[in-house]
>>> print(open('data.pdb').read())   # PDB, C-alpha atoms and all ligand atoms
ATOM      1  CA  MET A   1    -111.475-181.170  91.585
ATOM      2  CA  SER A   2    -109.204-183.903  92.922
ATOM      3  CA  ALA A   3    -110.266-187.536  93.217
ATOM      4  CA  PRO A   4    -113.099-187.930  95.777
ATOM      5  CA  VAL A   5    -112.867-190.007  98.934
ATOM      6  CA  ASP A   6    -115.255-192.610 100.363
ATOM      7  CA  ILE A   7    -115.587-192.331 104.146
ATOM      8  CA  ARG A   8    -116.923-195.122 106.336
ATOM      9  CA  GLU A   9    -118.439-193.974 109.618
ATOM     10  CA  VAL A  10    -117.364-196.342 112.412
ATOM     11  CA  GLY A  11    -118.804-194.433 115.383
ATOM     12  CA  PRO A  12    -121.522-196.975 116.253
ATOM     13  CA  ARG A  13    -118.847-199.710 116.492
ATOM     14  CA  ASP A  14    -115.381-198.339 117.269
ATOM     15  CA  GLY A  15    -116.832-195.203 118.859
ATOM     16  CA  LEU A  16    -118.896-197.133 121.394
ATOM     17  CA  GLN A  17    -116.891-200.271 122.101
ATOM     18  CA  ILE A  18    -114.836-198.962 125.031
ATOM     19  CA  GLU A  19    -117.658-196.875 126.485
ATOM     20  CA  ALA A  20    -120.226-197.849 129.087
ATOM     21  CA  PRO A  21    -123.072-199.555 127.202
ATOM     22  CA  ILE A  22    -125.819-197.314 125.862
ATOM     23  CA  THR A  23    -129.278-198.569 124.942
ATOM     24  CA  THR A  24    -130.148-199.984 121.538
ATOM     25  CA  GLU A  25    -132.570-197.064 121.149
ATOM     26  CA  ALA A  26    -129.695-194.633 121.714
ATOM     27  CA  LYS A  27    -127.651-196.405 119.055
ATOM     28  CA  ILE A  28    -130.554-196.131 116.607
ATOM     29  CA  GLU A  29    -130.688-192.396 117.366
ATOM     30  CA  LEU A  30    -126.950-192.131 116.641
ATOM     31  CA  ILE A  31    -127.211-194.114 113.394
ATOM     32  CA  ASP A  32    -130.160-191.931 112.358
ATOM     33  CA  ALA A  33    -128.039-188.807 112.903
ATOM     34  CA  LEU A  34    -125.183-190.358 110.928
ATOM     35  CA  VAL A  35    -127.424-191.361 108.020
ATOM     36  CA  ALA A  36    -128.557-187.719 107.868
ATOM     37  CA  THR A  37    -124.962-186.680 107.076
ATOM     38  CA  GLY A  38    -125.131-188.408 103.693
ATOM     39  CA  VAL A  39    -122.361-190.885 104.531
ATOM     40  CA  GLY A  40    -122.676-193.933 102.272
ATOM     41  CA  ARG A  41    -121.147-196.584 104.539
ATOM     42  CA  ILE A  42    -121.590-197.171 108.277
ATOM     43  CA  GLU A  43    -119.992-199.892 110.406
ATOM     44  CA  VAL A  44    -122.802-200.439 112.901
ATOM     45  CA  THR A  45    -121.534-202.976 115.410
ATOM     46  CA  SER A  46    -119.311-205.965 115.935
ATOM     47  CA  PHE A  47    -120.318-209.575 116.488
ATOM     48  CA  VAL A  48    -117.894-210.508 119.250
ATOM     49  CA  SER A  49    -118.167-211.937 122.739
ATOM     50  CA  PRO A  50    -120.598-209.860 124.849
ATOM     51  CA  ARG A  51    -118.342-210.562 127.839
ATOM     52  CA  ALA A  52    -115.334-209.090 126.011
ATOM     53  CA  VAL A  53    -117.207-206.088 124.604
ATOM     54  CA  PRO A  54    -120.390-205.535 126.650
ATOM     55  CA  ALA A  55    -121.103-202.227 124.890
ATOM     56  CA  LEU A  56    -121.890-204.123 121.664
ATOM     57  CA  ALA A  57    -123.789-207.047 123.198
ATOM     58  CA  ASP A  58    -126.955-205.967 121.340
ATOM     59  CA  ALA A  59    -125.493-206.494 117.839
ATOM     60  CA  GLU A  60    -128.478-208.553 116.663
ATOM     61  CA  ALA A  61    -130.964-205.978 117.984
ATOM     62  CA  VAL A  62    -129.146-203.173 116.155
ATOM     63  CA  ALA A  63    -128.919-205.210 112.945
ATOM     64  CA  ALA A  64    -132.661-205.893 113.082
ATOM     65  CA  GLN A  65    -133.321-202.149 112.756
ATOM     66  CA  LEU A  66    -131.172-201.473 109.674
ATOM     67  CA  GLY A  67    -134.061-201.799 107.223
ATOM     68  CA  ARG A  68    -135.056-198.276 108.299
ATOM     69  CA  TRP A  69    -132.337-196.787 106.127
ATOM     70  CA  PRO A  70    -132.401-198.127 102.558
ATOM     71  CA  GLY A  71    -129.556-196.858 100.402
ATOM     72  CA  VAL A  72    -126.913-196.946 103.133
ATOM     73  CA  THR A  73    -124.355-199.758 103.141
ATOM     74  CA  PHE A  74    -124.069-201.241 106.624
ATOM     75  CA  SER A  75    -121.281-203.498 107.798
ATOM     76  CA  ALA A  76    -120.121-205.201 110.980
ATOM     77  CA  LEU A  77    -116.789-206.264 112.426
ATOM     78  CA  VAL A  78    -116.011-209.852 113.381
ATOM     79  CA  ALA A  79    -113.025-211.572 114.964
ATOM     80  CA  GLY A  80    -113.699-215.219 114.085
ATOM     81  CA  MET A  81    -116.022-217.791 112.552
ATOM     82  CA  GLY A  82    -118.664-217.531 115.281
ATOM     83  CA  GLY A  83    -118.966-213.802 114.663
ATOM     84  CA  VAL A  84    -119.250-214.340 110.912
ATOM     85  CA  ARG A  85    -122.111-216.784 111.418
ATOM     86  CA  ARG A  86    -123.934-214.383 113.736
ATOM     87  CA  ALA A  87    -123.430-211.421 111.377
ATOM     88  CA  LEU A  88    -124.698-213.348 108.348
ATOM     89  CA  ALA A  89    -127.671-214.687 110.315
ATOM     90  CA  ALA A  90    -128.460-211.094 111.310
ATOM     91  CA  GLY A  91    -128.601-210.122 107.640
ATOM     92  CA  LEU A  92    -125.320-208.242 107.226
ATOM     93  CA  THR A  93    -123.898-208.428 103.704
ATOM     94  CA  ARG A  94    -120.608-206.608 104.379
ATOM     95  CA  ILE A  95    -118.300-208.090 106.972
ATOM     96  CA  GLU A  96    -114.964-206.818 108.272
ATOM     97  CA  TYR A  97    -112.607-209.458 109.687
ATOM     98  CA  VAL A  98    -109.829-207.998 111.807
ATOM     99  CA  VAL A  99    -106.400-209.632 111.853
ATOM    100  CA  SER A 100    -103.738-208.288 114.200
ATOM    101  CA  ALA A 101    -100.276-208.102 112.688
ATOM    102  CA  SER A 102     -98.665-208.759 116.094
ATOM    103  CA  ASP A 103     -98.962-211.771 118.372
ATOM    104  CA  GLY A 104     -99.199-209.703 121.569
ATOM    105  CA  HIS A 105    -102.272-207.767 120.436
ATOM    106  CA  SER A 106    -103.785-210.782 118.691
ATOM    107  CA  MET A 107    -103.583-212.843 121.889
ATOM    108  CA  ALA A 108    -105.072-209.999 123.961
ATOM    109  CA  ASN A 109    -107.790-209.305 121.404
ATOM    110  CA  VAL A 110    -108.900-212.752 120.255
ATOM    111  CA  GLY A 111    -106.806-215.273 122.182
ATOM    112  CA  ARG A 112    -104.878-216.675 119.229
ATOM    113  CA  SER A 113    -101.692-215.849 117.366
ATOM    114  CA  SER A 114    -101.494-213.494 114.419
ATOM    115  CA  GLU A 115    -100.663-216.438 112.183
ATOM    116  CA  ASP A 116    -103.685-218.425 113.357
ATOM    117  CA  SER A 117    -105.865-215.405 112.569
ATOM    118  CA  VAL A 118    -104.367-215.198 109.077
ATOM    119  CA  THR A 119    -105.066-218.902 108.521
ATOM    120  CA  LEU A 120    -108.744-218.251 109.279
ATOM    121  CA  ILE A 121    -109.107-215.786 106.394
ATOM    122  CA  ALA A 122    -109.739-218.490 103.758
ATOM    123  CA  PRO A 123    -112.547-220.337 105.599
ATOM    124  CA  ILE A 124    -114.105-216.998 106.554
ATOM    125  CA  VAL A 125    -114.049-215.845 102.934
ATOM    126  CA  GLU A 126    -115.714-219.121 101.953
ATOM    127  CA  LEU A 127    -118.450-218.699 104.557
ATOM    128  CA  VAL A 128    -119.074-215.053 103.637
ATOM    129  CA  HIS A 129    -119.080-215.618  99.882
ATOM    130  CA  GLY A 130    -121.288-218.662 100.311
ATOM    131  CA  ALA A 131    -123.889-216.331 101.803
ATOM    132  CA  GLY A 132    -123.507-213.852  98.935
ATOM    133  CA  ALA A 133    -121.799-211.301 101.172
ATOM    134  CA  GLU A 134    -118.460-209.468 100.899
ATOM    135  CA  LEU A 135    -115.445-209.659 103.168
ATOM    136  CA  GLU A 136    -112.952-206.945 104.015
ATOM    137  CA  VAL A 137    -109.785-207.887 105.882
ATOM    138  CA  ILE A 138    -108.569-205.173 108.258
ATOM    139  CA  VAL A 139    -104.938-205.542 109.279
ATOM    140  CA  ALA A 140    -104.836-204.128 112.821
ATOM    141  CA  ILE A 141    -101.700-203.011 114.667
ATOM    142  CA  ALA A 142    -100.210-202.114 111.284
ATOM    143  CA  PHE A 143     -97.637-199.736 112.804
ATOM    144  CA  ASP A 144     -96.896-200.498 116.468
ATOM    145  CA  CYS A 145     -98.076-202.939 119.119
ATOM    146  CA  PRO A 146     -98.489-201.951 122.799
ATOM    147  CA  PHE A 147     -97.113-205.389 123.728
ATOM    148  CA  ASP A 148     -94.594-206.275 120.997
ATOM    149  CA  GLY A 149     -93.253-202.891 119.840
ATOM    150  CA  PRO A 150     -92.941-201.794 116.215
ATOM    151  CA  THR A 151     -94.746-203.949 113.636
ATOM    152  CA  PRO A 152     -92.510-204.894 110.695
ATOM    153  CA  PRO A 153     -94.164-203.268 107.634
ATOM    154  CA  GLN A 154     -93.350-206.426 105.660
ATOM    155  CA  ARG A 155     -95.574-208.410 108.017
ATOM    156  CA  VAL A 156     -98.491-206.085 107.219
ATOM    157  CA  ALA A 157     -97.839-206.448 103.489
ATOM    158  CA  GLU A 158     -97.582-210.239 103.824
ATOM    159  CA  ILE A 159    -100.975-210.442 105.567
ATOM    160  CA  ALA A 160    -102.496-208.259 102.835
ATOM    161  CA  ALA A 161    -101.067-210.502 100.112
ATOM    162  CA  ARG A 162    -102.425-213.601 101.824
ATOM    163  CA  ALA A 163    -105.845-211.962 102.267
ATOM    164  CA  VAL A 164    -105.886-211.282  98.523
ATOM    165  CA  ALA A 165    -104.836-214.868  97.776
ATOM    166  CA  ALA A 166    -107.600-216.147 100.077
ATOM    167  CA  GLY A 167    -110.211-214.183  98.127
ATOM    168  CA  ALA A 168    -110.872-211.141 100.334
ATOM    169  CA  ASP A 169    -112.878-208.442  98.570
ATOM    170  CA  SER A 170    -111.078-205.488 100.125
ATOM    171  CA  ILE A 171    -108.197-204.629 102.445
ATOM    172  CA  SER A 172    -107.707-201.909 105.049
ATOM    173  CA  VAL A 173    -104.839-201.196 107.405
ATOM    174  CA  ALA A 174    -105.453-199.887 110.899
ATOM    175  CA  ASP A 175    -103.330-197.781 113.207
ATOM    176  CA  THR A 176    -105.146-199.299 116.163
ATOM    177  CA  VAL A 177    -103.167-197.479 118.856
ATOM    178  CA  GLY A 178    -102.571-194.191 117.023
ATOM    179  CA  THR A 179     -98.775-194.110 116.825
ATOM    180  CA  ALA A 180     -98.275-193.717 113.082
ATOM    181  CA  THR A 181     -96.815-190.563 111.558
ATOM    182  CA  PRO A 182     -97.214-189.361 107.964
ATOM    183  CA  ARG A 183     -94.054-190.824 106.466
ATOM    184  CA  ARG A 184     -94.640-194.261 108.002
ATOM    185  CA  THR A 185     -98.277-194.125 106.897
ATOM    186  CA  GLY A 186     -97.199-193.513 103.316
ATOM    187  CA  ASP A 187     -94.568-196.250 103.494
ATOM    188  CA  VAL A 188     -97.028-198.875 104.783
ATOM    189  CA  VAL A 189     -99.692-197.823 102.268
ATOM    190  CA  ASP A 190     -97.153-198.209  99.432
ATOM    191  CA  LEU A 191     -96.071-201.663 100.626
ATOM    192  CA  VAL A 192     -99.635-202.901 101.115
ATOM    193  CA  SER A 193    -100.765-201.456  97.772
ATOM    194  CA  ALA A 194     -97.907-203.306  96.066
ATOM    195  CA  ALA A 195     -98.872-206.515  97.893
ATOM    196  CA  ALA A 196    -102.543-206.134  96.869
ATOM    197  CA  PRO A 197    -102.432-205.023  93.231
ATOM    198  CA  GLY A 198    -105.730-203.670  91.957
ATOM    199  CA  PHE A 199    -107.074-203.232  95.496
ATOM    200  CA  ASP A 200    -108.140-199.851  96.804
ATOM    201  CA  VAL A 201    -106.445-200.018 100.218
ATOM    202  CA  GLY A 202    -108.392-198.364 103.046
ATOM    203  CA  LEU A 203    -107.054-196.589 106.134
ATOM    204  CA  HIS A 204    -108.388-196.787 109.694
ATOM    205  CA  LEU A 205    -106.677-194.148 111.840
ATOM    206  CA  HIS A 206    -106.736-193.103 115.473
ATOM    207  CA  ASN A 207    -105.782-189.637 116.656
ATOM    208  CA  THR A 208    -104.258-190.828 119.942
ATOM    209  CA  ARG A 209    -101.061-188.840 119.459
ATOM    210  CA  GLY A 210    -102.497-186.031 117.353
ATOM    211  CA  GLN A 211    -101.245-187.398 114.022
ATOM    212  CA  GLY A 212    -104.534-188.690 112.626
ATOM    213  CA  LEU A 213    -105.381-186.033 110.045
ATOM    214  CA  ALA A 214    -101.767-185.652 108.928
ATOM    215  CA  ASN A 215    -101.694-189.413 108.392
ATOM    216  CA  ALA A 216    -104.975-189.300 106.465
ATOM    217  CA  TRP A 217    -103.520-186.648 104.177
ATOM    218  CA  ALA A 218    -100.350-188.679 103.700
ATOM    219  CA  GLY A 219    -102.502-191.693 102.858
ATOM    220  CA  TYR A 220    -104.434-189.653 100.287
ATOM    221  CA  GLU A 221    -101.204-188.546  98.637
ATOM    222  CA  HIS A 222    -100.214-192.212  98.455
ATOM    223  CA  GLY A 223    -103.448-193.147  96.699
ATOM    224  CA  VAL A 224    -105.802-194.037  99.566
ATOM    225  CA  ARG A 225    -109.419-193.107  98.845
ATOM    226  CA  ARG A 226    -111.245-195.071 101.556
ATOM    227  CA  PHE A 227    -111.087-193.829 105.135
ATOM    228  CA  ASP A 228    -112.699-194.814 108.451
ATOM    229  CA  SER A 229    -113.658-192.142 110.977
ATOM    230  CA  ALA A 230    -116.103-191.522 113.822
ATOM    231  CA  ALA A 231    -118.269-188.454 114.368
ATOM    232  CA  GLY A 232    -117.013-186.675 117.473
ATOM    233  CA  GLY A 233    -113.720-188.610 117.439
ATOM    234  CA  PHE A 234    -114.939-191.243 119.878
ATOM    235  CA  GLY A 235    -113.438-194.714 119.901
ATOM    236  CA  GLY A 236    -110.603-197.022 120.810
ATOM    237  CA  CYS A 237    -109.645-200.648 121.173
ATOM    238  CA  PRO A 238    -110.509-202.300 124.522
ATOM    239  CA  PHE A 239    -107.498-204.643 124.126
ATOM    240  CA  ALA A 240    -104.822-202.051 123.391
ATOM    241  CA  PRO A 241    -103.653-200.108 126.455
ATOM    242  CA  GLY A 242    -103.598-196.353 125.826
ATOM    243  CA  ALA A 243    -105.777-196.521 122.719
ATOM    244  CA  SER A 244    -108.128-193.597 122.167
ATOM    245  CA  GLY A 245    -110.372-191.958 119.635
ATOM    246  CA  ASN A 246    -110.759-192.373 115.920
ATOM    247  CA  ILE A 247    -110.068-189.428 113.671
ATOM    248  CA  SER A 248    -113.255-187.397 113.753
ATOM    249  CA  THR A 249    -115.491-187.515 110.697
ATOM    250  CA  GLU A 250    -116.182-183.783 110.876
ATOM    251  CA  GLU A 251    -112.484-182.874 110.823
ATOM    252  CA  LEU A 252    -111.786-185.339 108.007
ATOM    253  CA  VAL A 253    -114.672-183.917 105.967
ATOM    254  CA  TYR A 254    -113.534-180.341 106.666
ATOM    255  CA  MET A 255    -109.953-181.123 105.625
ATOM    256  CA  PHE A 256    -110.889-182.860 102.385
ATOM    257  CA  GLU A 257    -113.722-180.563 101.299
ATOM    258  CA  ASP A 258    -111.686-177.419 101.976
ATOM    259  CA  SER A 259    -108.955-179.004  99.827
ATOM    260  CA  GLY A 260    -111.291-179.555  96.881
ATOM    261  CA  ILE A 261    -111.754-183.276  97.569
ATOM    262  CA  ALA A 262    -115.393-184.371  97.613
ATOM    263  CA  THR A 263    -116.667-186.566 100.460
ATOM    264  CA  GLY A 264    -120.411-186.614  99.750
ATOM    265  CA  ILE A 265    -120.928-185.802 103.440
ATOM    266  CA  ASP A 266    -122.655-182.745 104.872
ATOM    267  CA  LEU A 267    -120.403-181.028 107.411
ATOM    268  CA  ALA A 268    -123.144-179.300 109.450
ATOM    269  CA  ALA A 269    -125.013-182.594 109.780
ATOM    270  CA  THR A 270    -121.804-184.323 110.869
ATOM    271  CA  LEU A 271    -121.221-181.724 113.573
ATOM    272  CA  GLU A 272    -124.779-182.374 114.727
ATOM    273  CA  ALA A 273    -124.117-186.141 114.751
ATOM    274  CA  ALA A 274    -121.018-185.499 116.875
ATOM    275  CA  ARG A 275    -123.197-183.529 119.337
ATOM    276  CA  VAL A 276    -125.691-186.396 119.417
ATOM    277  CA  ALA A 277    -122.896-188.902 120.129
ATOM    278  CA  SER A 278    -121.547-186.659 122.882
ATOM    279  CA  ARG A 279    -124.986-186.327 124.488
ATOM    280  CA  LEU A 280    -125.709-190.067 124.313
ATOM    281  CA  LEU A 281    -122.316-190.960 125.790
ATOM    282  CA  GLY A 282    -122.407-188.163 128.361
ATOM    283  CA  LYS A 283    -118.908-186.965 127.566
ATOM    284  CA  PRO A 284    -117.344-184.285 125.400
ATOM    285  CA  ALA A 285    -116.270-185.090 121.863
ATOM    286  CA  ASP A 286    -112.560-185.136 121.064
ATOM    287  CA  SER A 287    -112.900-182.763 118.142
ATOM    288  CA  ASN A 288    -111.213-179.396 117.661
ATOM    289  CA  LEU A 289    -113.665-178.502 114.919
ATOM    290  CA  LEU A 290    -116.654-179.140 117.188
ATOM    291  CA  ARG A 291    -115.050-177.120 120.009
ATOM    292  CA  ALA A 292    -114.513-174.263 117.553
ATOM    293  CA  GLY A 293    -118.204-174.410 116.630
ATOM    294  CA  GLY A 294    -117.547-175.493 113.039
ATOM    295  CA  PRO A 295    -115.917-173.718 110.087
ATOM    296  CA  LEU A 296    -115.261-169.986 110.447
ATOM    297  CA  VAL A 297    -118.361-167.941 109.746
ATOM    298  CA  PRO A 298    -117.520-164.262 109.039
ATOM    299  CA  GLY A 299    -118.894-162.016 111.754
ATOM    300  CA  ARG A 300    -118.868-164.729 114.353
ATOM    301  CA  LEU A 301    -115.959-165.295 116.678
ATOM    302  CA  GLY A 302    -114.536-168.779 116.891
TER     303      GLY A 302
HETATM  304 ZN    ZN B 401    -110.174-198.454 115.610
END
>>> encode(input="data.pdb", output="structure tokens")
Amino acid sequence: MSAPVDIREVGPRDGLQIEAPITTEAKIELIDALVATGVGRIEVTSFVSPRAVPALADAEAVAAQLGRWPGVTFSALVAGMGGVRRALAAGLTRIEYVVSASDGHSMANVGRSSEDSVTLIAPIVELVHGAGAELEVIVAIAFDCPFDGPTPPQRVAEIAARAVAAGADSISVADTVGTATPRRTGDVVDLVSAAAPGFDVGLHLHNTRGQGLANAWAGYEHGVRRFDSAAGGFGGCPFAPGASGNISTEELVYMFEDSGIATGIDLAATLEAARVASRLLGKPADSNLLRAGGPLVPGRLG
């Protein structure tokens, strides 16, 4: 057996944020289906402006329900100090702070420069640690920006190094607009890993241009063991033109498990969660594996 991977399901956050809002009850149904897959970590919402992201305006109401599922680690995304305060007040103990590596996306996303977002890492770490919680810094736009063009890999590594210096507990890099390819993924992972020694760098990938799983595999070969994905491949950034779905959890699980890499996630239950997400959103999932009906079963066409 090869080294196992630790997948974080981001469907309730990334998967829903560009969609028409669904009810809190529908989100609870989705989270329930995701918990049934055995996934250990779920990013459930983001604490951001309800005007900017109306689909996640009920973050507090979702957070209030999380006691239903003991044993699962829940987290939420934030984009600034106000979001951190709301997330902590709502009882979250794992917070993801997103920092865009480009000014164009950072301005569109949070209305401040990349550098100003980096400067906020230290006070956010202080606030989060003061509440006994943990902070992950996610470096968004780690490959290309829809406004500024290619992101210099050194800029991504620099942000990671400064997040480490500021006391962040973990680091991920995100291909927010889904333009990365395997070699560039490996290159950025190597640079960020060198800039964050001793950190287990995570990868957040989108399949916008069909490269998502290839990039995940490249990341694995470069030492990545933590991956984000969304059941049914839903998702995308509202502030990045052309962005589309996350890599799908079911395809990621299929790829790793078939390769002898344990995920701890049940594939049949993940396919069911993808169907639930599709039904709740009223649109088909972007998942080849789901379209094929799952892994090949002898005697059944597909
Ligand atoms: Zn994303």
>>> closest_residue(input="data.pdb", among="A:Ala243, A:Val48, A:Val10, A:Ala142", to="A:Thr185", atoms="only C-alpha atoms")
A:Ala142
>>> atom_distance(input="data.pdb", atom1="atom CA of A:Ala101", atom2="atom CA of A:Ala161")
12.8 Å
>>> resolve_selection(input="data.pdb", expression="the PyMOL selection byres (((chain A and resi 75) around 6) and not hetatm)", output="NGL selection string")
:A and (43 or 74 or 76 or 94-95)
>>> axis_aligned_box(input="data.pdb", around="stretch 15-32 of chain A", padding_each_side="3 Å", output="JSON")
{"center_x": -123.7, "center_y": -196.1, "center_z": 120.7, "size_x": 23.7, "size_y": 14.3, "size_z": 22.7}
>>> resolve_selection(input="data.pdb", expression="the PyMOL selection byres (((not hetatm)) within 7 of (chain B and resi 401))", output="list in words")
Asp14, Ala174, Thr176, His204, Leu205, His206, Gly235, Gly236, Cys237 and Asn246 of chain A
>>> atom_distance(input="data.pdb", atom1="atom CA of A:Val53", atom2="atom CA of A:Glu96")
16.5 Å
>>> resolve_selection(input="data.pdb", expression="the PyMOL selection byres (((chain A and resi 137) around 12) and not hetatm)", output="PyMOL selection string")
chain A and resi 76-80+94-101+117-118+120-122+124-125+128+134-136+138-140+156+159-174+196+199+201-204
>>> write_last_selection(input="data.pdb", atoms="C-alpha atoms", output="mmCIF file, keeping the file's coordinate frame")
data_model
loop_
_atom_site.group_PDB
_atom_site.id
_atom_site.type_symbol
_atom_site.label_atom_id
_atom_site.label_comp_id
_atom_site.auth_asym_id
_atom_site.auth_seq_id
_atom_site.Cartn_x
_atom_site.Cartn_y
_atom_site.Cartn_z
ATOM 1 C CA ALA A 76 -120.121 -205.201 110.980
ATOM 2 C CA LEU A 77 -116.789 -206.264 112.426
ATOM 3 C CA VAL A 78 -116.011 -209.852 113.381
ATOM 4 C CA ALA A 79 -113.025 -211.572 114.964
ATOM 5 C CA GLY A 80 -113.699 -215.219 114.085
ATOM 6 C CA ARG A 94 -120.608 -206.608 104.379
ATOM 7 C CA ILE A 95 -118.300 -208.090 106.972
ATOM 8 C CA GLU A 96 -114.964 -206.818 108.272
ATOM 9 C CA TYR A 97 -112.607 -209.458 109.687
ATOM 10 C CA VAL A 98 -109.829 -207.998 111.807
ATOM 11 C CA VAL A 99 -106.400 -209.632 111.853
ATOM 12 C CA SER A 100 -103.738 -208.288 114.200
ATOM 13 C CA ALA A 101 -100.276 -208.102 112.688
ATOM 14 C CA SER A 117 -105.865 -215.405 112.569
ATOM 15 C CA VAL A 118 -104.367 -215.198 109.077
ATOM 16 C CA LEU A 120 -108.744 -218.251 109.279
ATOM 17 C CA ILE A 121 -109.107 -215.786 106.394
ATOM 18 C CA ALA A 122 -109.739 -218.490 103.758
ATOM 19 C CA ILE A 124 -114.105 -216.998 106.554
ATOM 20 C CA VAL A 125 -114.049 -215.845 102.934
ATOM 21 C CA VAL A 128 -119.074 -215.053 103.637
ATOM 22 C CA GLU A 134 -118.460 -209.468 100.899
ATOM 23 C CA LEU A 135 -115.445 -209.659 103.168
ATOM 24 C CA GLU A 136 -112.952 -206.945 104.015
ATOM 25 C CA ILE A 138 -108.569 -205.173 108.258
ATOM 26 C CA VAL A 139 -104.938 -205.542 109.279
ATOM 27 C CA ALA A 140 -104.836 -204.128 112.821
ATOM 28 C CA VAL A 156 -98.491 -206.085 107.219
ATOM 29 C CA ILE A 159 -100.975 -210.442 105.567
ATOM 30 C CA ALA A 160 -102.496 -208.259 102.835
ATOM 31 C CA ALA A 161 -101.067 -210.502 100.112
ATOM 32 C CA ARG A 162 -102.425 -213.601 101.824
ATOM 33 C CA ALA A 163 -105.845 -211.962 102.267
ATOM 34 C CA VAL A 164 -105.886 -211.282 98.523
ATOM 35 C CA ALA A 165 -104.836 -214.868 97.776
ATOM 36 C CA ALA A 166 -107.600 -216.147 100.077
ATOM 37 C CA GLY A 167 -110.211 -214.183 98.127
ATOM 38 C CA ALA A 168 -110.872 -211.141 100.334
ATOM 39 C CA ASP A 169 -112.878 -208.442 98.570
ATOM 40 C CA SER A 170 -111.078 -205.488 100.125
ATOM 41 C CA ILE A 171 -108.197 -204.629 102.445
ATOM 42 C CA SER A 172 -107.707 -201.909 105.049
ATOM 43 C CA VAL A 173 -104.839 -201.196 107.405
ATOM 44 C CA ALA A 174 -105.453 -199.887 110.899
ATOM 45 C CA ALA A 196 -102.543 -206.134 96.869
ATOM 46 C CA PHE A 199 -107.074 -203.232 95.496
ATOM 47 C CA VAL A 201 -106.445 -200.018 100.218
ATOM 48 C CA GLY A 202 -108.392 -198.364 103.046
ATOM 49 C CA LEU A 203 -107.054 -196.589 106.134
ATOM 50 C CA HIS A 204 -108.388 -196.787 109.694
#
>>> atom_distance(input="data.pdb", atom1="atom CA of A:Pro241", atom2="atom CA of A:Ile28")
28.9 Å
>>> residues_around(input="data.pdb", residues="A:His105", least_positions_apart="3", cutoff="9 Å", atoms="all atoms listed in the file", output="list in words")
Ser100, Ala101, Ser102, Ala108, Asn109, Val110, Gly111, Ser113, Ser114, Ala140, Ile141, Cys145, Pro146, Phe147, Asp148, Phe239 and Ala240 of chain A
